[in-house]
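Here the structure comes first, spelled out in structure tokens, and everything after it is commentary.
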Amino acid sequence: MEIYYCNQIKRKTGVTAAWSQAPGYAPQLAVSLAPNAVGFYTEEGRPWDPNKEALVVNVRSTECAKMAWHPLLPLLAIGWKDGAISFWNVEERRLEEDSKTHRRPITHMMWSANGERLITTDENGKLAMWKTDRHLRPLHVNSYEEAPGNTISVATMGPASVNEATGTTSCVVFYGVNVQDTTVLKWANDQGQQGVMEEMPECATDLIYYAAKDQLLVVGVSCTLYLLGRVDQGSPWYPVTEMRFSSGTGDTALKLQVCWAAEHTLATASGRDSVVRMYNFETEDNYVLQVESAEGTPSQSPIVCLKSDLRYGMLAAGTADGRVSVFDHHAHGVHDHVGHAAELSKSWDAQPAFLVEGPPRLMQWGPNSRLMCVVCEDPKNTYGPTAVSVCRKTLLHQCYRDGYVVIQSGVDQVLVEQLDSAHGRPPEKLTLGLQLQGLDISNGSLLVYGDKTACVFEVSASGTLNQASSFETPSRAMAISNDSIFRAADNIIEVCNTTGVVKQSVPVPNAVGGPVMLNCNGDYLAAITEDHKVHVFKVAGREAKPHMGPGLLFKNPADSAALKVDMLRVNSSGNMVAVLCSSKERSREPCLYVLCFENNETLTYDFSKDDRVPQTIAWDLIENKVLGVQTLSVQRNEDLLADDQVANEVALVFVSPEHGVLMQEYQSIDAAGAKSFIAIQAPHLILNKSSQRQAQGPCAIKVPMQGFAGMQDGDDDVKSALLDFSYFLATNNMDEAFRSIKSIKKPAVWENMAHLCIKNKRLDVAEHCLGNMEHVRGAQAVREAKSIDDLDARVATVAVHLGMMDDARKLYAASERYDLLCRLYQACGQWDRALEVAEKHDRIHLKTIHYTHAQFLEKTGDFEGAKMAYTKSGCGPVEITRMLFQAGRFTDLEQYIASQGDNKQLTTWWGRYCESHGDVKQALDCYHRAKDVLSIVRVHCYTRNFEEAEEQVAAAGADPAAAFHLARQYEAQNRIAEAIQYYTKAKRYSHGVRLAKAYELDEELMNLALKSTPSVMINAAEYLDEKGAHEKAATLYMKGGKLSKAVDMCFAAQLFDVLGQIADDLSAGGDPVLYMRCAEFFMSNGHYDKAVKMTVAAGRHTQALELAVQHEVPIDDEMAEAMTPPKGSMPDPDRNTVLQQIAKVAKRQGAWQLAAKKFTQAGEKIKAMKALLRSGDREKIVFFTGVSRNKEVYLMAANYLQTLDWHTNPDIMKNIITFYTKAGAMDSLALFYESCAQIEVDEFRNYEQALQALNEALKYLKKSNSEEAQLKATQIQSQIEIMESFVAAKSMIISQPQQALQMCEQLLLSIVDDSQSGVRVGDVFAIMVEYWYQQENAVEAYKLLEQMRARGVDVAPYVDGRMVEDIHAMVGMPMPTEVAGAPDSPQFGAAQAAQEGYVDDEEEIEEEV
């Protein structure tokens, strides 16, 4: 058990205080000091700086109004009553301030969760947002001001808002503005945005953000709670619900306290109630937590303050009488009772209350659950009207020595009880006048001491406590042994008598800071100094003498600096000392440290590997190597814990210098109703039974250790033997282990030793013990368990036979054999636990467990539970029906079947049951619901209602079974036509054929036989053949597979149509003789196409080809493929000859693509290409050329493509270039480019594109080795030079007209023939005419026009007609009659298309080549 100790700040304090929250830093408490300062204090309540208590002082002499610590850094934000905002940097002791933003007292101050923004409000209704720079100075971000007279009454941080457009995250705050008698809820962010959320009908007193559901809780002055919600961020808020607290009205309502207590759970309390009311928004459960008074009865004092810490599940409630009650929440404490208010309150464990100076005004939790502070009223006005208390949680002191148990039950209360007392007296309660710091007892002398005073009480023979002495002492560490009191002082230990008179001073050599903790066990006293050096003294004689040490506890200086010793215990021989430590990060470190003086080593054991944390330690009072450690579960394991709220277990360990710390076993103390572990005295554990404050019943109990169950009252030799056996078993010294128990004869002892073997996982020793116990099933289990691979699972299997169920389930869980764990729970009848484990870890067996559970419930008569279990197992329809039927619960069975309306099988079964009992109406209803048409028709036929049966068959559509049943009924009644009709609907054609033959219904017979199987067809054909219906018989013979019979019949009866059908259906692979007979028959009757087909089917391809040529039978793809000999059927040359013959025939018939295909198959690619060229299919030509990879084919394809409209189709142009390139025909490619250039000039006057084409032509001519190519290259080079000159003149005509005109005149002199030069004379004249026309020099333009006519150049194709008319008009000359308007030059055409074909294709073409 733990309790909070309070230390009052001995200064005149202000109205606020706050604990630092930054992880990794030492806790600091900031307290506002009157009149104008802020002080900083340690967790003990001492000034952080002993030389300067007030580290922050306001030079303007104004009081601190609000404080808020940064959540991640040692930075304190302070709001003053004059509106100034200060940032105190703890590490650098630097104060930064902003006094311009706010001008009135600060009313709210809070940091965002990530510490990036600080929100402040003042009394003028101004809200400001801040951030820090890299030097932790305040930087104002933005502000929002309300109208004069409006104030901000409530504010809370909202969720971070993400801007989807920019991706930036902004801080959002929700706040309420009081406007007369209402509150307007608003939101604002640090991006300068603000908005109204909702207007409340009354003033708000609290505003809480419900993060789990993105909702807001608003509490009004009338004690009404309003819940607001929204669909998503950015959408408007709307009221969800509202509820009224039964907490009074008027002035009482103003004292309503509200805070989050746990997930989805709100805690409320009012000034007239002495209970905390809890409401869960998720489950809508409500319950109360009762606050106790000092006497342990329900408190009558109203609650005036509430504060929770969601990180650790803590809730504090302060009452008007200055008492603070603390509740610890365990989320899974009552998982089997969720929904029951009486049980929900059990999930809160009440801690001992503590007193402060007056009614609390403000409470705040520290960075961990061990620390909190309380600002309260001080009625005594000791230092001022308010007082600040530093509250620190520590373990309650308890001690057991010499038969007496002393337990601290409160801050100033202890209970003393004598165990094994013959009188059975209740514990004696002692109320002290001091805040207890420690206690100890020896031989009936009780020592208690506080901060400055120590008292000694004597326990009389009647069990009463009498104070023997009291004396002042400044020591904070004391112990007592016999009549000597030991107290720590500076570098010495003072030995005093019971009145406090020093009778000896024992020096502590080589110590820094002196001893800080003492512990006495028997004749030995252990002391530890501030620098973690341990000394052991022997105190049995007249004087205390050094016995062991000094020994350094931590060999690593880093550990020594980081760890603080919280508990010190010495063993009964004084050679080992055990300690527990804490650090800044943890209130209790998970490691146990044991200093062994014999080898000067520190042994450790890490309890975190067992998911536990040590709480207290105690050595056995006699056995020097036995140590008990009370541990607490770190992470609740639902698979291993049942209804325990907290798993308190005592770890029993052996400690020896040679073997270290050896874990023996864990023993639960919760099962014994105990709260904590006090001491160990083998074979018993001394436990604190309860935390009650009244001496009603025993406060301590003795519980036998698990290894001594049933032997705790045995003789000392047996106890010693069991301890030795356990120790040697733990150290794996089997010889000594067996030697220690060789004289044991009692089966009970052997059983205990078997239990110890299970704890140590020694099945070999356990088998020996079970043999001595004559435990047949256990010994057999040991042998059978050897087939299990995992050791823990093997041990657990044996533990089950020894009745060690708790150990077995832990071992199964540790080995992850959840299947065996589920079987164990099933065997124990713990079905809920088995299902829970299967749900989480063994889902493959989940349905099996549900099924087994259902069988169990069925046997116990719980039919409703069995129904649910069968349903979950997936066997509900079958098993529930069986169960109810066998139990005779027909009404329940009918209701169940009705509820399973979609289960056709079950409904049909119930219908048949009803039908068997003559309830035809009920049966028909079931059949209709199940849509069982067969059963419906069967019932209607039974009742002779054939019309309804026919309607059901017609409505069902395709239900062969129903139609067949109706047909059989009609046949039985000799209604043959109807029977054949429904046999046909049922697709039972053989039955229809049977009836048609019997009643000579040949038409129906033919129709049914054609739909039937081949055997039925042949049978019907024989029948028709006998009756002379040869055509029908031949058809059926053909359909039935008897082709020869059908053909013979066709020959005999001259059935050409039937024989034609046979020919159409024939395929290769049949009887060649039969096929040739058919072919000859068709030849003789002039059906040459069918004759060819029959010849092909017979495999005579050459003959079939000759017939096709002779009689000009068209060959299609299918026939050609049939004529093609398969590969390997003949030599390749012969096969190629046949293929070429087929191709020639196809070519002769104009089937060019078929001819190309066959030529290709014959390897004649040139002939195939020629055939394709005749087909004119450009896409297939291009594809075939690409896959052929033949030079001649490339040339043929390119030459063919040039005959197409290539200058308007870039793809064709690209293919031409590609094919010429792959064929290596550079001359042809050059000529093609030359043609491109000529088209660009003639059709588009695009000399730039033409020039590019000529350059390409020249490039490829240079790659050619022919003499003609060289001559052609010279000619094209000349054309390129002339064209370059013309292009240059054309581009310079605007910028350098004179030079351009001279170049044009030179071109006119050099160009003799347009076809040889590449540049047309008319184009040269045209740019000169256009230039002079634009310069409005009509005379020069007219001269040029006359020169054009003189050289025989037609003006119209080169110069715009309107321009010519204007020039003649300007010079006053008439228009020649031959002049007409020239068409406008196109802006886009083949030039652009041609450019796409060759400008950037060179790399691609070269890569393909």
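Residue numbering restarts at 1 for every chain of the structure tokens, chains are lettered A, B, ... in their displayed order, and ligands are numbered from 1 as they appear.
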
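Counting only C-alpha atoms, Asp1116 in chain A has the following residues at most 9 Å away, ignoring those fewer than 6 positions along the same chain: Ala1146, Ala1151 and Leu1154 of chain A.
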
Using all heavy atoms, can you export the residues from the last selection as a PDB file, in the first residue's frame?
ATOM      1  N   ALA A1146      -4.868 -20.938-104.928  1.00  0.00           N
ATOM      2  CA  ALA A1146      -5.460 -19.783-104.261  1.00  0.00           C
ATOM      3  C   ALA A1146      -5.164 -18.501-105.030  1.00  0.00           C
ATOM      4  O   ALA A1146      -6.011 -17.610-105.161  1.00  0.00           O
ATOM      5  CB  ALA A1146      -4.941 -19.689-102.828  1.00  0.00           C
ATOM      6  N   ALA A1151      -7.380 -15.454-104.145  1.00  0.00           N
ATOM      7  CA  ALA A1151      -7.247 -15.457-102.677  1.00  0.00           C
ATOM      8  C   ALA A1151      -5.796 -15.134-102.324  1.00  0.00           C
ATOM      9  O   ALA A1151      -4.995 -16.010-101.997  1.00  0.00           O
ATOM     10  CB  ALA A1151      -7.678 -16.806-102.109  1.00  0.00           C
ATOM     11  N   LEU A1154      -4.460 -15.846 -98.718  1.00  0.00           N
ATOM     12  CA  LEU A1154      -4.303 -17.281 -98.507  1.00  0.00           C
ATOM     13  C   LEU A1154      -3.078 -17.791 -99.268  1.00  0.00           C
ATOM     14  O   LEU A1154      -2.304 -18.613 -98.758  1.00  0.00           O
ATOM     15  CB  LEU A1154      -5.568 -18.017 -98.960  1.00  0.00           C
ATOM     16  CG  LEU A1154      -5.542 -19.542 -98.871  1.00  0.00           C
ATOM     17  CD1 LEU A1154      -5.278 -19.993 -97.437  1.00  0.00           C
ATOM     18  CD2 LEU A1154      -6.843 -20.148 -99.394  1.00  0.00           C
TER      19      LEU A1154
END

Next on the checklist: Run DSSP on the backbone and tell me which residues of range 489-593 of chain A come out as strand (DSSP E); list them as an MDAnalysis selection string.
Outcome noted: chainID A and resid 489 492:496 502:507 515:521 524:529 533:538 545:552 564:570 576:582 591:593

Next on the checklist: So that I can see what lies close to Gly829 in chain A, please list as an NGL selection string the residues with an atom at most 12 Å from it, counting only C-alpha atoms and leaving out residues fewer than 4 positions away in the same chain.
Outcome noted: :A and (822-825 or 833-835 or 849 or 852-853 or 856-857)

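The list of residues with at least one atom within 9 Å of Tyr404 in chain A, based on only C-alpha atoms and without residues fewer than 4 positions apart in the same chain, reads A:Cys399, A:Tyr400, A:Val416, A:Glu417, A:Gln418, A:Leu419, A:Ile441, A:Ser442, A:Asn443, A:Gly444.
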
Item to check | Near-Lys921 in chain A list (12 Å; only C-alpha atoms; drop same-chain fewer than 5 positions) as a PyMOL selection string | outcome: chain A and resi 911-912+914-916+926-928+936+939-940+943

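Separating CA of Ala963 in chain A from CA of Lys985 in chain A is a distance of 6.2 Å.
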
Next on the checklist: Based on the backbone DSSP call, show me all residues of range 828-978 of chain A assigned helix (DSSP H, G or I), as a PyMOL selection string.
Outcome noted: chain A and resi 831-841+843-859+863-873+876-886+890-899+904-916+920-930+933-942+946-956+960-972+976-978

Residues from the last selection, C-alpha atoms, saved as a short mmCIF file (atom, residue, chain, number, x, y, z; two decimals), in the first residue's frame:
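The result, stored in result30.cif:
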data_model
loop_
_atom_site.label_atom_id
_atom_site.label_comp_id
_atom_site.auth_asym_id
_atom_site.auth_seq_id
_atom_site.Cartn_x
_atom_site.Cartn_y
_atom_site.Cartn_z
CA TRP A 831 -15.76 -21.93 -20.66
CA ASP A 832 -15.66 -18.14 -20.79
CA ARG A 833 -11.91 -18.15 -20.30
CA ALA A 834 -11.44 -20.89 -22.90
CA LEU A 835 -13.49 -18.93 -25.43
CA GLU A 836 -11.64 -15.72 -24.63
CA VAL A 837 -8.24 -17.33 -25.23
CA ALA A 838 -9.44 -19.02 -28.41
CA GLU A 839 -10.86 -15.74 -29.68
CA LYS A 840 -7.48 -14.03 -29.33
CA HIS A 841 -4.91 -16.76 -29.91
CA ARG A 843 -9.14 -19.13 -33.59
CA ILE A 844 -8.66 -22.37 -35.51
CA HIS A 845 -10.28 -24.20 -32.58
CA LEU A 846 -12.82 -21.50 -31.72
CA LYS A 847 -15.80 -23.16 -33.36
CA THR A 848 -14.82 -26.52 -31.90
CA ILE A 849 -14.82 -25.03 -28.41
CA HIS A 850 -18.21 -23.43 -29.04
CA TYR A 851 -19.50 -26.85 -30.14
CA THR A 852 -18.09 -28.60 -27.06
CA HIS A 853 -19.52 -25.86 -24.85
CA ALA A 854 -22.90 -26.31 -26.49
CA GLN A 855 -22.81 -30.05 -25.79
CA PHE A 856 -21.98 -29.30 -22.16
CA LEU A 857 -24.88 -26.84 -21.86
CA GLU A 858 -27.23 -29.30 -23.55
CA LYS A 859 -26.36 -31.99 -21.02
CA PHE A 863 -31.09 -25.19 -23.96
CA GLU A 864 -30.99 -21.43 -24.57
CA GLY A 865 -27.27 -21.27 -23.88
CA ALA A 866 -26.74 -24.37 -26.00
CA LYS A 867 -28.63 -22.75 -28.88
CA MET A 868 -26.33 -19.71 -28.77
CA ALA A 869 -23.22 -21.90 -28.56
CA TYR A 870 -24.34 -24.17 -31.41
CA THR A 871 -25.02 -21.10 -33.53
CA LYS A 872 -21.54 -19.72 -32.89
CA SER A 873 -20.03 -23.10 -33.74
CA GLY A 876 -26.80 -24.37 -35.40
CA PRO A 877 -29.40 -25.56 -37.94
CA VAL A 878 -28.48 -29.23 -37.58
CA GLU A 879 -27.62 -29.49 -33.88
CA ILE A 880 -30.29 -27.15 -32.52
CA THR A 881 -32.93 -29.01 -34.51
CA ARG A 882 -31.65 -32.34 -33.24
CA MET A 883 -31.47 -31.11 -29.65
CA LEU A 884 -34.99 -29.70 -29.57
CA PHE A 885 -36.41 -32.70 -31.41
CA GLN A 886 -34.83 -35.20 -29.04
CA PHE A 890 -41.65 -29.12 -30.60
CA THR A 891 -43.02 -25.64 -29.98
CA ASP A 892 -39.52 -24.26 -29.52
CA LEU A 893 -38.41 -26.26 -32.54
CA GLU A 894 -41.15 -24.77 -34.71
CA GLN A 895 -40.28 -21.25 -33.53
CA TYR A 896 -36.61 -21.84 -34.22
CA ILE A 897 -37.29 -23.13 -37.73
CA ALA A 898 -39.53 -20.14 -38.38
CA SER A 899 -36.70 -17.83 -37.31
CA LYS A 904 -34.31 -24.14 -47.09
CA GLN A 905 -32.98 -27.50 -45.93
CA LEU A 906 -34.29 -27.01 -42.40
CA THR A 907 -37.68 -25.73 -43.57
CA THR A 908 -38.01 -28.66 -45.96
CA TRP A 909 -37.21 -31.10 -43.17
CA TRP A 910 -39.91 -29.59 -40.97
CA GLY A 911 -42.36 -29.77 -43.87
CA ARG A 912 -41.66 -33.48 -44.31
CA TYR A 913 -42.13 -33.97 -40.59
CA CYS A 914 -45.50 -32.26 -40.78
CA GLU A 915 -46.40 -34.27 -43.90
CA SER A 916 -45.56 -37.50 -42.11
CA VAL A 920 -50.59 -31.34 -45.38
CA LYS A 921 -51.43 -27.66 -45.10
CA GLN A 922 -48.50 -26.95 -42.79
CA ALA A 923 -46.25 -29.07 -44.98
CA LEU A 924 -47.23 -27.13 -48.11
CA ASP A 925 -46.55 -23.86 -46.30
CA CYS A 926 -43.06 -25.06 -45.38
CA TYR A 927 -42.40 -26.29 -48.91
CA HIS A 928 -43.50 -22.96 -50.33
CA ARG A 929 -41.19 -21.07 -47.96
CA ALA A 930 -38.34 -23.39 -48.88
CA VAL A 933 -41.16 -27.39 -55.99
CA LEU A 934 -40.72 -31.17 -56.07
CA SER A 935 -42.29 -31.59 -52.65
CA ILE A 936 -45.11 -29.19 -53.54
CA VAL A 937 -45.87 -31.11 -56.73
CA ARG A 938 -45.61 -34.41 -54.90
CA VAL A 939 -48.18 -33.28 -52.31
CA HIS A 940 -50.54 -31.94 -54.98
CA CYS A 941 -50.29 -35.19 -56.91
CA TYR A 942 -51.00 -37.09 -53.73
CA PHE A 946 -52.95 -32.02 -60.91
CA GLU A 947 -53.88 -28.55 -62.14
CA GLU A 948 -52.12 -26.93 -59.22
CA ALA A 949 -49.18 -29.26 -59.76
CA GLU A 950 -48.94 -28.18 -63.40
CA GLU A 951 -49.06 -24.51 -62.33
CA GLN A 952 -46.25 -25.09 -59.87
CA VAL A 953 -44.10 -26.77 -62.53
CA ALA A 954 -44.81 -23.98 -64.99
CA ALA A 955 -44.02 -21.29 -62.40
CA ALA A 956 -40.81 -23.01 -61.35
CA PRO A 960 -36.60 -31.33 -63.73
CA ALA A 961 -37.41 -33.30 -60.61
CA ALA A 962 -40.88 -31.81 -60.24
CA ALA A 963 -41.65 -32.24 -63.92
CA PHE A 964 -40.43 -35.86 -63.84
CA HIS A 965 -42.62 -36.67 -60.85
CA LEU A 966 -45.66 -35.18 -62.55
CA ALA A 967 -44.85 -37.10 -65.75
CA ARG A 968 -44.68 -40.39 -63.84
CA GLN A 969 -48.06 -39.62 -62.30
CA TYR A 970 -49.59 -38.93 -65.72
CA GLU A 971 -48.06 -42.12 -67.13
CA ALA A 972 -49.58 -44.08 -64.30
CA ILE A 976 -49.57 -40.39 -72.46
CA ALA A 977 -49.48 -36.98 -74.15
CA GLU A 978 -49.14 -35.12 -70.83
#
